[in-house]
Amino acid sequence: MEVQPLNNLKVKVSHRQILSFAIPIALAVLIPQINLLTNSIFLGRLSEEALGNAGITGVYYLIFAVAGHGMNNAMQIIFSRHAGGGSSHHFADIMNQGIRLSFIFALGCILFTWFVAPIFMQHIADPQAFPIEMEFIKIRILGLPFLLIFQMGNAFLIATLNSRYLMIGFLFEAAINILLDYLLIFGKAGFPAMGFNGAAVASVIAECVGMFAVFGLLSVSGLRNQYNLLKHFKYHKNFSSDIKKVATPLVFQFVLSVTTWLIFFLLIESRGITAKAISNTMRNAFGIAGIFIWAFAGTTNAMVSNLLGQGSANLVIKAVKMISLWSVGLCGLLVLALNIHPGFFFRLFGQDEAFVSAGIPVIRMVSAGIIINSLANVWLNAVTGTGKTRVSFLFEWISISLYMGYTWYFMKVNYISLAMAWSNELIYWSATLIMAVWYMRSKRWEKNSINLYR
């Protein structure tokens with residue numbers, strides 16, 4: 001396999017460069033979203049109750065997954081800054097410290113889920129669903145260490161301009177997950193029929209396979225030897241400090257964001273099984289749109305950090321504007337397809353016409369949220385790419401405060417409809433977009449730009 005030479009890691013602001021980042025990331029994001037979609041389709045055919053419970057358990061695990069994504073974004077910022085600055089010889093030490101911190105974080109999350117989460121979850125979850133959901137979550141969380149290390153390898157591939165290899169690990173993960181979902185949920189080909197928990201076991205095994213696949217790729221491609229990766233795991237104070245400094249606000253930002261979504265799903269439980277099931281399909285709609293949203297958000301993060309490493313701050317806004325056009329354009333096409341044939345999307349989950357009719361107004365509302373999201377995530381990741389992760393955390397806190405106040409009013413005080421409840425996404429992403437655009441245009445991020453250890 002051909003890999004990028006050590007002296008060719010500086011990005012250029014062009015549509016070709018943007019797509020060279022975004023297309024492989026989009027393909028890589030597509031595969032786990034196919035996983036989630038397939039998972040929901042299988043569970044929907046198991047029962048409407050299983051489809052609804054998958055919403056709560058999926059969002060719970062997503063809290064820890066996006067915390068890992070926060071660390072992954074921090075690693076990507078640090079890798080990209082060193083790549084743009086011509087100091088890629090530090091990549092091995094950065095990778096080693098990231099892996100060490102990821103294992104520590106994952107262990108803490110597993111212990112929390114097994115011994116602390118049940119204490120408070122039993123007071124807010126549906127009493128009938130709680131034992132089923134908690135059993136699933138305790139199995140599902142065991143995949144977190146594999147997921148975090150897998151994401152670390154992906155951050156390295158993006159920063160070294162080898163993002164075209166991203167989808168290989170995801171393909172292995174997706175193939176195993178889809179196959180085991182079918183075998184373990186329904187008990188096919190001699191496998192035990194584990195029902196709801198079968199999806200959890202399948203996902204854990206798939207994440208383990210994905211991790212080994214991406215690190216196998218680093219060896220086969222020659223990248224491991226080229227950058228002297230994984231030779232030792234000695235503690236390095238300066239690089240460890242860099243990662244924690246950049247990652248801590250991002251981890252809290254992402255955890256806070258998805259925790260509020262978990263609260264939203266818990267509030268929906270009081271509205272019945274159908275409302276839960278429709279909301280889980282909406283989570284899948286956001287996941288499909290996320291193929292483009294996260295691809296261009298990741299592209300923004302990497303390009304902004306790389307440009308600053310080069311000393312080309314004057315090109316940052318131009319790059320962000322170009323990426324924004326791609327993001328909103330492709331998300332717009334996806335939303336158009338969803339709204340032309342919404343019934344087709346809902347019927348994938350094996351539900352009846354009443355379910356489809358109830359879901360169509362919700363998908364109209366969610367579609368508007370997706371469009372705003374496609375812009376907001378690009379601009380928020382521009383803020384993150386500058387290294388000003390405390391600023392992005394502040395913006396997240398403000399947006400979430402507005403979101404939670406709005407959600408509580410339209411879920412508990414004045415419930416009108418499920419579609420109205422889902423309009424909270426418009427509030428959240430609009431606030432985020434306004435603040436991120438203001439901050440980037442103000443040029444405040446150019447002051448005291450992050451100084452990473454060299």
# chains A, B, ... in the order shown; residues from 1 in each chain; ligands from 1
>>> residues_around(residues="stretch 62-64 of chain A", least_positions_apart="5", cutoff="12 Å", atoms="only C-alpha atoms", output="ChimeraX atom specification")
/A:36,54-57,69-71,102,105-110,112-113,137,140-145,147-148,251-263,283,287
>>> residues_around(residues="A:Thr384", least_positions_apart="3", cutoff="12 Å", atoms="only C-alpha atoms", output="VMD selection string")
chain A and resid 70 to 71 73 to 78 246 to 247 249 to 251 253 297 to 305 377 to 381 387 to 396 436 439 to 440 445 449 to 450
>>> closest_residue(among="A:Ile288, A:Ala129, A:Leu348, A:Ala319", to="A:Ile18", atoms="only C-alpha atoms")
A:Ala319
>>> atom_distance(atom1="atom CA of A:Gln122", atom2="atom CA of A:Phe265")
14.6 Å
>>> closest_atom_pairs(of="stretch 44-101 of chain A", to="stretch 158-172 of chain A", cutoff="8 Å", atoms="only C-alpha atoms", output="tab-separated table")
residue	atom	partner	partner_atom	distance
A:Gln76	CA	A:Ala159	CA	6.2
A:Phe79	CA	A:Ala159	CA	5.7
A:Ser80	CA	A:Ala159	CA	4.9
A:Ala83	CA	A:Ala159	CA	6.8
>>> select_by_dssp(residues="stretch 201-434 of chain A", states="alpha helix (DSSP H)", output="PyMOL selection string")
chain A and resi 201-221+223-226+237-268+273-310+316-340+342-347+353-385+389-408+418-421+424-434
>>> residues_around(residues="A:Asn314", least_positions_apart="6", cutoff="10 Å", atoms="only C-alpha atoms", output="PyMOL selection string")
chain A and resi 307-308+443+446
>>> residues_around(residues="A:Gly198", least_positions_apart="3", cutoff="7 Å", atoms="only C-alpha atoms", output="ChimeraX atom specification")
/A:181,184-185,194-195,201-202
>>> residues_around(residues="A:Trp408", least_positions_apart="6", cutoff="10 Å", atoms="only C-alpha atoms", output="ChimeraX atom specification")
/A:263-264,267,414-415,421,424
>>> residues_around(residues="A:Gly359", least_positions_apart="6", cutoff="12 Å", atoms="only C-alpha atoms", output="list in words")
Thr274, Ala275, Lys276, Ala277, Ile278, Ser279, Asn280, Thr281, Met282, Ala285, Asn339, Pro342, Gly343, Phe344, Phe345, Phe346, Arg347, Phe349, Gln351, Asp352, Glu353, Met365, Val366, Ser417, Leu418, Ala419 and Trp422 of chain A
>>> residues_around(residues="A:Gly332", least_positions_apart="3", cutoff="9 Å", atoms="only C-alpha atoms", output="ChimeraX atom specification")
/A:327-329,335-337,367,370-371,374
>>> atom_distance(atom1="atom CA of A:Phe42", atom2="atom CA of A:Phe196")
9.6 Å
>>> atom_distance(atom1="atom CA of A:Ile99", atom2="atom CA of A:Asn284")
29.7 Å
